[in-house]
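input.txt follows (compact mmCIF, C-alpha atoms):
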```txt
# COMPACT_ATOMS: atom_id res chain seq x y z
CA MET A 316 -167.15 -135.33 -5.58
CA LEU A 317 -166.51 -132.86 -2.70
CA PRO A 318 -167.76 -129.27 -2.91
CA ARG A 319 -165.23 -126.57 -3.86
CA ALA A 320 -164.99 -125.13 -0.32
CA CYS A 321 -164.19 -128.52 1.13
CA ARG A 322 -161.53 -129.15 -1.47
CA VAL A 323 -159.89 -125.79 -0.71
CA TRP A 324 -159.92 -126.49 3.06
CA SER A 325 -158.43 -129.95 2.58
CA THR A 326 -155.56 -128.51 0.55
CA TRP A 327 -154.89 -125.62 3.06
CA PRO A 328 -151.63 -125.97 5.00
CA ALA A 329 -152.07 -127.67 8.32
CA ILE A 330 -150.45 -124.80 10.25
CA PHE A 331 -153.37 -122.49 9.42
CA ARG A 332 -156.03 -124.97 10.31
CA ARG A 333 -157.65 -125.14 13.73
CA PRO A 334 -156.50 -128.21 15.66
CA PRO A 335 -159.22 -130.76 16.51
CA LEU A 336 -160.74 -130.61 19.96
CA PRO A 337 -160.03 -133.38 22.43
CA PRO A 338 -162.77 -135.94 22.99
CA GLY A 339 -165.51 -134.83 25.35
CA LEU A 340 -165.14 -131.10 24.63
CA SER A 341 -167.45 -129.03 22.44
CA THR A 342 -167.32 -125.51 21.01
CA SER A 343 -170.55 -124.43 22.71
CA PRO A 344 -170.13 -122.64 26.07
CA SER A 345 -170.86 -124.75 29.12
CA PRO A 346 -172.67 -123.37 32.16
CA LYS A 347 -169.83 -124.63 34.32
CA ALA A 348 -167.23 -122.70 32.33
CA PHE A 349 -168.87 -119.32 33.15
CA PRO A 350 -170.36 -119.54 36.61
CA GLY A 351 -172.90 -117.06 37.79
CA PRO A 352 -172.50 -114.52 40.58
CA GLY A 353 -172.98 -117.11 43.28
CA ARG A 354 -170.53 -119.69 41.93
CA ALA A 355 -166.76 -119.80 42.44
CA LEU A 356 -164.31 -119.75 39.56
CA SER A 357 -162.35 -122.87 38.73
CA PRO A 358 -158.59 -122.73 39.49
CA GLY A 359 -157.70 -122.42 35.80
CA LEU A 360 -160.11 -119.54 35.17
CA ARG A 361 -159.07 -117.82 38.39
CA GLN A 362 -155.42 -117.90 37.29
CA ALA A 363 -156.31 -116.57 33.84
CA SER A 364 -158.40 -113.79 35.40
CA ASN A 365 -155.54 -112.74 37.68
CA LEU A 366 -153.17 -112.70 34.72
CA VAL A 367 -155.48 -110.48 32.65
CA THR A 368 -156.01 -108.13 35.61
CA SER A 369 -152.25 -107.77 36.21
CA VAL A 370 -151.67 -106.96 32.54
CA LEU A 371 -154.49 -104.42 32.25
CA LYS A 372 -153.92 -102.60 35.56
CA PRO A 373 -150.96 -100.41 34.47
CA ALA A 374 -152.88 -99.23 31.42
CA PHE A 375 -155.69 -97.75 33.52
CA LYS A 376 -153.75 -95.75 36.08
CA ALA A 377 -155.58 -92.75 37.50
CA PRO A 378 -154.19 -89.45 36.20
CA ALA A 379 -151.83 -87.77 38.60
CA PRO A 380 -153.19 -84.60 40.23
CA PRO A 381 -151.75 -81.36 38.83
CA ALA A 382 -148.68 -80.14 40.63
CA LYS A 383 -149.19 -77.24 42.99
CA ARG A 384 -147.64 -74.01 41.81
CA VAL A 385 -144.65 -73.10 43.94
CA PRO A 386 -144.83 -69.45 45.05
CA LYS A 387 -141.99 -67.25 44.03
CA GLY A 388 -139.54 -66.15 46.67
CA PRO A 389 -139.78 -62.69 48.19
CA ARG A 390 -137.87 -59.86 46.53
CA THR A 391 -136.75 -58.43 49.85
CA LYS A 392 -133.33 -59.06 51.31
CA GLN A 393 -132.59 -62.62 52.42
CA PRO A 394 -129.16 -62.71 54.12
CA SER A 395 -127.03 -65.82 53.74
CA ARG A 396 -126.60 -68.19 56.66
CA SER A 397 -122.90 -67.42 56.93
CA ASN A 398 -123.73 -63.80 57.76
CA LEU A 399 -126.36 -64.59 60.37
CA PRO A 400 -125.45 -64.04 64.03
CA SER A 401 -125.37 -66.87 66.51
CA GLN A 402 -128.49 -67.79 68.50
CA SER A 403 -127.08 -66.28 71.68
CA GLN A 404 -126.47 -62.97 69.92
CA ASP A 405 -129.86 -63.10 68.21
CA ALA A 406 -131.64 -63.50 71.55
CA ASP A 407 -130.16 -60.20 72.76
CA MET A 408 -131.20 -58.28 69.64
CA MET A 409 -134.35 -56.33 68.91
CA GLN A 410 -136.30 -56.40 65.66
CA CYS A 411 -137.01 -53.83 62.97
CA MET A 412 -139.83 -54.66 60.51
CA ALA A 413 -140.95 -52.82 57.37
CA PHE A 414 -144.20 -53.21 55.37
CA ALA A 415 -145.63 -51.57 52.25
CA THR A 416 -149.42 -51.68 52.65
CA ALA A 417 -150.83 -49.12 50.17
CA ASP A 418 -150.05 -46.59 47.47
CA GLN A 419 -150.36 -43.65 49.88
CA TYR A 420 -151.22 -42.67 53.47
CA ASN A 421 -153.17 -39.70 54.72
CA LEU A 422 -150.69 -38.68 57.45
CA PRO A 423 -152.66 -35.80 59.12
CA THR A 424 -155.75 -37.91 59.81
CA LEU A 425 -153.56 -40.89 60.74
CA ALA A 426 -151.73 -38.82 63.38
CA VAL A 427 -155.03 -37.76 64.96
CA ASP A 428 -156.36 -41.32 64.96
CA LEU A 429 -153.20 -42.79 66.53
CA THR A 430 -153.11 -40.10 69.22
CA ARG A 431 -156.70 -40.93 70.09
CA HIS A 432 -155.64 -44.56 70.64
CA GLY A 433 -152.87 -43.69 73.10
CA PHE A 434 -149.85 -43.28 70.80
CA ARG A 435 -147.60 -40.19 70.95
CA GLU A 436 -146.31 -38.16 68.01
CA VAL A 437 -142.56 -37.44 68.02
CA ASP A 438 -141.24 -34.07 66.86
CA PHE A 439 -139.30 -34.32 63.60
CA PRO A 440 -137.50 -31.81 61.31
CA ARG A 441 -139.83 -29.88 59.02
CA ASP A 442 -137.89 -30.72 55.86
CA ALA A 443 -139.07 -34.33 56.28
CA SER A 444 -142.73 -33.50 55.71
CA ASN A 445 -143.58 -36.88 54.17
CA VAL A 446 -142.89 -38.76 57.43
CA LEU A 447 -144.87 -39.32 60.61
CA VAL A 448 -143.01 -40.61 63.69
CA ILE A 449 -144.97 -42.25 66.52
CA SER A 450 -143.77 -43.67 69.85
CA SER A 451 -145.45 -46.32 71.96
CA ASP A 452 -145.11 -47.72 75.47
CA MET A 453 -145.71 -51.30 74.22
CA SER A 454 -142.15 -52.42 73.46
CA ALA A 455 -141.17 -55.97 72.62
CA LYS A 456 -138.05 -55.64 74.82
CA ALA A 457 -137.33 -53.21 77.63
CA ASP A 458 -133.88 -52.30 76.23
CA ASP A 459 -135.29 -49.71 73.81
CA ALA A 460 -138.40 -47.61 73.22
CA SER A 461 -140.83 -48.56 70.47
CA LEU A 462 -140.83 -46.25 67.42
CA ILE A 463 -142.97 -46.35 64.28
CA PHE A 464 -142.15 -44.46 61.05
CA PHE A 465 -145.01 -43.84 58.58
CA PHE A 466 -144.02 -42.73 55.08
CA ARG A 467 -146.55 -40.95 52.88
CA GLU A 468 -145.66 -43.28 49.96
CA GLY A 469 -147.46 -46.15 51.73
CA SER A 470 -144.78 -47.80 53.89
CA VAL A 471 -144.44 -48.27 57.64
CA VAL A 472 -141.40 -49.33 59.70
CA PHE A 473 -141.66 -50.72 63.27
CA TRP A 474 -138.77 -50.59 65.75
CA ASN A 475 -138.99 -52.92 68.77
CA ALA A 476 -142.78 -53.12 68.50
CA GLU A 477 -144.79 -55.73 70.36
CA ASP A 478 -146.85 -58.08 68.17
CA LYS A 479 -150.09 -56.90 69.73
CA SER A 480 -149.17 -53.26 69.13
CA LEU A 481 -148.08 -54.00 65.53
CA LYS A 482 -151.41 -55.63 64.67
CA LYS A 483 -153.33 -52.81 66.31
CA VAL A 484 -151.46 -50.16 64.31
CA LEU A 485 -152.01 -52.04 61.04
CA ARG A 486 -155.76 -52.19 61.76
CA ILE A 487 -155.86 -48.44 62.43
CA LEU A 488 -153.79 -47.81 59.32
CA GLU A 489 -156.39 -49.49 57.09
CA ARG A 490 -158.73 -46.49 57.54
CA HIS A 491 -156.15 -44.05 56.16
CA GLU A 492 -154.83 -45.98 53.16
CA SER A 493 -155.30 -45.18 49.49
CA GLN A 494 -155.28 -48.17 47.11
CA ALA A 495 -154.43 -50.80 49.73
CA TYR A 496 -152.47 -53.92 48.73
CA GLU A 497 -153.43 -57.54 49.38
CA VAL A 498 -152.75 -58.67 52.95
CA ALA A 499 -150.89 -61.81 51.83
CA LEU A 500 -148.63 -59.74 49.57
CA VAL A 501 -147.94 -57.22 52.34
CA HIS A 502 -146.75 -59.90 54.76
CA TRP A 503 -144.82 -61.81 52.07
CA GLU A 504 -142.82 -58.83 50.75
CA ASN A 505 -141.59 -57.39 54.04
CA GLU A 506 -138.21 -56.67 55.62
CA GLU A 507 -137.07 -58.01 59.00
CA ILE A 508 -133.69 -56.91 60.34
CA ASN A 509 -132.30 -57.23 63.85
CA TYR A 510 -130.66 -54.34 65.65
CA THR A 511 -128.86 -53.68 68.90
CA TYR A 512 -126.64 -51.10 70.59
CA GLY A 513 -122.85 -51.23 70.56
CA GLU A 514 -119.65 -49.28 70.99
CA GLY A 515 -118.45 -46.78 68.38
CA ASN A 516 -120.39 -45.22 65.55
CA THR A 517 -123.67 -46.49 64.15
CA LYS A 518 -123.10 -49.04 61.37
CA LEU A 519 -124.54 -51.91 59.38
CA GLU A 520 -122.64 -55.08 60.20
CA ARG A 521 -123.36 -58.67 59.08
CA GLY A 522 -126.92 -57.81 58.17
CA ASN A 523 -127.72 -56.13 61.50
CA PHE A 524 -128.09 -52.52 62.56
CA ILE A 525 -125.62 -51.58 65.31
CA LEU A 526 -126.67 -48.29 66.91
CA SER A 527 -124.22 -46.25 68.97
CA LYS A 528 -124.73 -46.36 72.73
CA ASN A 529 -123.76 -42.68 72.96
CA LEU A 530 -126.82 -41.55 70.97
CA GLU A 531 -130.06 -40.44 72.58
CA GLY A 532 -133.04 -38.22 71.88
CA PRO A 533 -133.40 -36.61 68.41
CA ASP A 534 -130.04 -37.91 67.10
CA LEU A 535 -131.08 -41.50 67.75
CA VAL A 536 -134.44 -40.95 66.05
CA LEU A 537 -132.69 -39.45 63.00
CA GLN A 538 -130.37 -42.43 62.60
CA LYS A 539 -133.29 -44.84 62.91
CA PHE A 540 -135.03 -42.75 60.26
CA ALA A 541 -132.08 -43.17 57.85
CA PHE A 542 -132.28 -46.95 58.20
CA SER A 543 -136.08 -46.85 57.93
CA ASN A 544 -136.00 -44.75 54.78
CA ALA A 545 -133.93 -47.38 52.96
CA LEU A 546 -136.16 -50.21 54.24
CA CYS A 547 -139.21 -48.27 53.04
CA LEU A 548 -137.77 -48.09 49.51
CA SER A 549 -136.94 -51.81 49.52
CA VAL A 550 -140.44 -53.03 50.43
CA LYS A 551 -142.06 -50.55 48.06
CA LEU A 552 -139.81 -51.70 45.22
CA ALA A 553 -140.69 -55.32 46.04
CA ILE A 554 -144.41 -54.55 45.54
CA TRP A 555 -143.66 -52.97 42.15
CA GLU A 556 -141.54 -55.97 41.18
CA VAL A 557 -144.52 -58.24 41.88
CA SER A 558 -146.75 -56.01 39.74
CA LEU A 559 -144.23 -56.15 36.90
CA ASP A 560 -143.99 -59.95 37.15
CA ASP A 561 -147.78 -60.19 36.91
CA PHE A 562 -147.69 -57.94 33.83
CA VAL A 563 -144.97 -60.03 32.18
CA GLU A 564 -146.99 -63.18 32.83
CA SER A 565 -150.05 -61.62 31.18
CA ILE A 566 -148.16 -60.93 27.92
CA GLN A 567 -145.81 -63.91 27.77
CA SER A 568 -148.06 -65.69 25.24
CA ILE A 569 -147.70 -62.88 22.67
CA PRO A 570 -144.12 -63.68 21.48
CA GLU A 571 -145.00 -67.37 21.11
CA ALA A 572 -148.13 -66.49 19.14
CA LEU A 573 -146.13 -64.22 16.82
CA LYS A 574 -143.48 -66.91 16.40
CA SER A 575 -146.02 -69.59 15.42
CA ARG A 576 -148.01 -67.16 13.21
CA ALA A 577 -151.05 -67.61 15.43
CA ARG A 578 -153.67 -64.95 15.94
CA VAL A 579 -153.02 -62.60 18.86
CA LYS A 580 -156.28 -62.07 20.73
CA LEU A 581 -155.72 -58.47 21.81
CA SER A 582 -157.83 -55.50 20.83
CA SER A 583 -156.65 -51.91 20.56
CA ALA A 584 -158.27 -51.14 23.92
CA ASP A 585 -156.37 -54.03 25.55
CA VAL A 586 -153.06 -52.84 24.12
CA MET A 587 -153.66 -49.29 25.31
CA GLN A 588 -154.51 -50.65 28.78
CA LYS A 589 -151.19 -52.56 28.83
CA ILE A 590 -149.31 -49.43 27.78
CA GLY A 591 -151.04 -47.48 30.55
CA GLN A 592 -150.01 -50.09 33.16
CA LEU A 593 -146.40 -49.91 31.96
CA PHE A 594 -146.22 -46.13 32.12
CA THR A 595 -147.81 -46.15 35.57
CA LEU A 596 -145.05 -48.45 36.82
CA ARG A 597 -142.34 -46.39 35.16
CA HIS A 598 -143.75 -43.23 36.70
CA CYS A 599 -143.87 -44.77 40.18
CA ILE A 600 -140.32 -46.13 40.01
CA ASN A 601 -138.46 -43.40 38.16
CA LEU A 602 -140.37 -40.19 38.92
CA SER A 603 -142.50 -40.32 42.07
CA SER A 604 -140.01 -42.19 44.30
CA ASP A 605 -136.48 -41.67 45.65
CA LEU A 606 -135.09 -44.85 44.07
CA LEU A 607 -132.82 -43.07 41.59
CA LEU A 608 -131.57 -40.13 43.66
CA THR A 609 -130.67 -39.52 47.29
CA PRO A 610 -133.44 -37.49 49.01
CA ASP A 611 -132.78 -33.80 49.65
CA PHE A 612 -133.12 -34.44 53.38
CA TYR A 613 -129.55 -35.86 53.49
CA TRP A 614 -127.76 -33.06 51.64
CA ASP A 615 -126.66 -31.29 54.81
CA ARG A 616 -126.55 -34.44 56.97
CA GLU A 617 -123.55 -36.40 55.73
CA ASN A 618 -123.52 -38.93 58.57
CA LEU A 619 -127.12 -39.88 57.89
CA GLU A 620 -126.47 -40.03 54.14
CA LYS A 621 -123.72 -42.61 54.70
CA ILE A 622 -126.11 -44.78 56.74
CA TYR A 623 -128.81 -44.43 54.08
CA ASP A 624 -126.45 -45.26 51.17
CA LYS A 625 -124.93 -48.22 53.01
CA THR A 626 -128.36 -49.69 53.75
CA CYS A 627 -129.52 -49.20 50.15
CA GLN A 628 -126.39 -50.98 48.97
CA PHE A 629 -127.04 -53.87 51.37
CA LEU A 630 -130.63 -54.19 50.09
CA SER A 631 -129.41 -54.16 46.43
CA ILE A 632 -131.81 -51.35 45.57
CA ASN A 633 -129.80 -49.88 42.68
CA ARG A 634 -129.30 -53.28 41.03
CA ARG A 635 -132.98 -54.17 41.43
CA VAL A 636 -134.07 -50.84 39.93
CA LYS A 637 -131.79 -51.44 36.94
CA VAL A 638 -133.27 -54.90 36.36
CA VAL A 639 -136.82 -53.56 36.65
CA ASN A 640 -136.14 -50.79 34.13
CA GLU A 641 -134.66 -53.29 31.67
CA LYS A 642 -137.79 -55.43 31.97
CA LEU A 643 -139.97 -52.36 31.51
CA GLU A 644 -138.05 -51.41 28.37
CA HIS A 645 -138.54 -54.86 26.87
CA CYS A 646 -142.27 -54.82 27.71
CA THR A 647 -142.60 -51.36 26.18
CA GLN A 648 -141.03 -52.57 22.93
CA LEU A 649 -143.45 -55.49 22.81
CA THR A 650 -146.53 -53.33 23.42
CA ASP A 651 -145.33 -50.82 20.79
CA LEU A 652 -144.96 -53.69 18.34
CA MET A 653 -148.52 -54.84 19.07
CA ARG A 654 -149.86 -51.31 18.70
CA SER A 655 -148.17 -50.87 15.30
CA HIS A 656 -149.40 -54.31 14.23
CA LEU A 657 -153.00 -53.45 15.10
CA SER A 658 -152.61 -50.06 13.38
CA ASP A 659 -151.40 -51.79 10.21
CA LYS A 660 -154.33 -54.20 10.33
CA HIS A 661 -156.74 -51.30 10.69
CA SER A 662 -155.13 -49.44 7.78
CA LEU A 663 -155.29 -52.58 5.63
CA ARG A 664 -158.94 -53.03 6.49
CA LEU A 665 -159.69 -49.44 5.45
CA GLU A 666 -157.82 -49.90 2.18
CA TRP A 667 -159.84 -53.02 1.35
CA MET A 668 -163.06 -51.19 2.16
CA ILE A 669 -162.07 -48.42 -0.25
CA VAL A 670 -161.21 -50.97 -2.96
CA ILE A 671 -164.57 -52.72 -2.49
CA LEU A 672 -166.48 -49.44 -2.63
CA ILE A 673 -164.68 -48.42 -5.83
CA THR A 674 -165.41 -51.84 -7.34
CA ILE A 675 -169.10 -51.53 -6.48
CA GLU A 676 -169.20 -48.05 -8.02
CA VAL A 677 -167.56 -49.30 -11.23
CA LEU A 678 -170.08 -52.16 -11.45
CA PHE A 679 -172.96 -49.74 -11.08
CA GLU A 680 -171.53 -47.56 -13.87
CA VAL A 681 -171.10 -50.58 -16.14
CA VAL A 682 -174.66 -51.70 -15.49
CA ARG A 683 -175.92 -48.18 -16.14
CA MET A 684 -174.02 -47.99 -19.44
CA ILE A 685 -175.33 -51.37 -20.59
CA TRP A 686 -178.94 -50.59 -19.75
```
Kindly transcribe the structure held in the file into structure tokens.
Amino acid sequence: MLPRACRVWSTWPAIFRRPPLPPGLSTSPSPKAFPGPGRALSPGLRQASNLVTSVLKPAFKAPAPPAKRVPKGPRTKQPSRSNLPSQSQDADMMQCMAFATADQYNLPTLAVDLTRHGFREVDFPRDASNVLVISSDMSAKADDASLIFFFREGSVVFWNAEDKSLKKVLRILERHESQAYEVALVHWENEEINYTYGEGNTKLERGNFILSKNLEGPDLVLQKFAFSNALCLSVKLAIWEVSLDDFVESIQSIPEALKSRARVKLSSADVMQKIGQLFTLRHCINLSSDLLLTPDFYWDRENLEKIYDKTCQFLSINRRVKVVNEKLEHCTQLTDLMRSHLSDKHSLRLEWMIVILITIEVLFEVVRMIW
């Protein structure tokens, strides 16, 4: 009689049983089936190996490198191509460039230093005490003299300046700056506008400054100053916009954390630091600058005020200030919410400490009464 296991196997359906091997083959591995390093694979094994490799390859793809962060576009004015002049007109034009390099300049020491290096100071009305005007013999084009306007708020505007002269002035300026900005940021957030001379009154046309040919001497310097004043505000506002964007990026995780009921990793000192940064920006934009009101210098100079207002409108300064203030208001609400949240947590912690102390005191009294 067969053992039980053999009887079970003999009654098992044929589909689940292993088919018998052909004659001459065994279940033990042969040395020929798995050749060593020096032996070649048989055609059948080589084909099977290629098939397995082709199947497994897609599963082991190398991870793609992280995408490079695309820098944000500059906040300064970028005129559309339809408004740009033709190449023949552009070749005849001169260039006006504006930079914001620091929070503030020391104009008296800067004037002395520039004079020592061969630059000349230009006389200017006394009611514009926050401006230093410098002339230079190194002009990019011979059609106009080179002028440089330094504003105490940390901005500089070059008119028809040669590249070599521009770099030299920026190097000298570094010694008289307070809270200098990053060099990459200074050259990214700049203004470049072409200008030329034409018939009629001075105007802003198709993104270019057209100065009157009839102007000369102090009147010409004043009109260049009106254009420069608006450019100075634009580049300065661009720097503050970058600072605000960096601030928004530093707190953008807070709303998501509150939404998902996660713990917000901010201490009271961190929140107060954020509030201080916000109020510093608000003070710079709304109180210590001329972004909201026309400067007093233009009250009795209507022609210059028109040039200044027209340039500010072209550079979208009022709209940009409105957007910045709306962002500041939203950030202020968020920081106030965090401050009240931390205050509530602190109050709750104090209440629990009081409850625990009272409980401990009651336990001591109970123990004393029992003993």
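Reported to one decimal place, the separation of atom CA of Gln592 of chain A from atom CA of Lys574 of chain A is 24.6 Å.
Closest approach to Val427 of chain A among A:Met412, A:Leu488, A:Ala457, A:Val682: A:Leu488, based on all atoms listed in the file.
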Identify, on the basis of only C-alpha atoms, every residue whose closest approach to His491 of chain A does not exceed 12 Å; exclude the query and any residue fewer than 6 positions from it along the same chain; express the result as a PyMOL selection string. chain A and resi 416-429+465+467+469+484-485
Residue neighbourhood Asn529 of chain A, 9 Å, only C-alpha atoms, exclusion window fewer than 4 positions, as an MDAnalysis selection string: chainID A and resid 513:516
Using all atoms listed in the file, determine which residues lie at most 9 Å from segment 532-536 of chain A, disregarding the query and same-chain residues fewer than 5 positions distant; provide the list as a ChimeraX atom specification. /A:438-439,448,462,526-527,541
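Here atom CA of Cys646 of chain A is placed at a distance of 28.8 Å from atom CA of Leu665 of chain A.
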Can you list, as a short mmCIF file (atom, residue, chain, number, x, y, z; two decimals) with C-alpha atoms, keeping the file's coordinate frame, every protein, DNA or RNA residue that comes within 8 Å of Ser543 of chain A when you count all atoms listed in the file, leaving out same-chain residues fewer than 2 positions away?
```cif
data_model
loop_
_atom_site.label_atom_id
_atom_site.label_comp_id
_atom_site.auth_asym_id
_atom_site.auth_seq_id
_atom_site.Cartn_x
_atom_site.Cartn_y
_atom_site.Cartn_z
CA ALA A 413 -140.95 -52.82 57.37
CA PHE A 464 -142.15 -44.46 61.05
CA VAL A 472 -141.40 -49.33 59.70
CA LYS A 539 -133.29 -44.84 62.91
CA PHE A 540 -135.03 -42.75 60.26
CA ALA A 541 -132.08 -43.17 57.85
CA ALA A 545 -133.93 -47.38 52.96
CA LEU A 546 -136.16 -50.21 54.24
CA CYS A 547 -139.21 -48.27 53.04
#
```
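Distance-wise, atom CA of Asn505 of chain A and atom CA of Ile487 of chain A end up 18.8 Å apart.
Restricting the calculation to only C-alpha atoms, the smallest distance between Lys625 of chain A and any of A:Trp555, A:Phe542, A:Phe679, A:Trp474 is found for A:Phe542.
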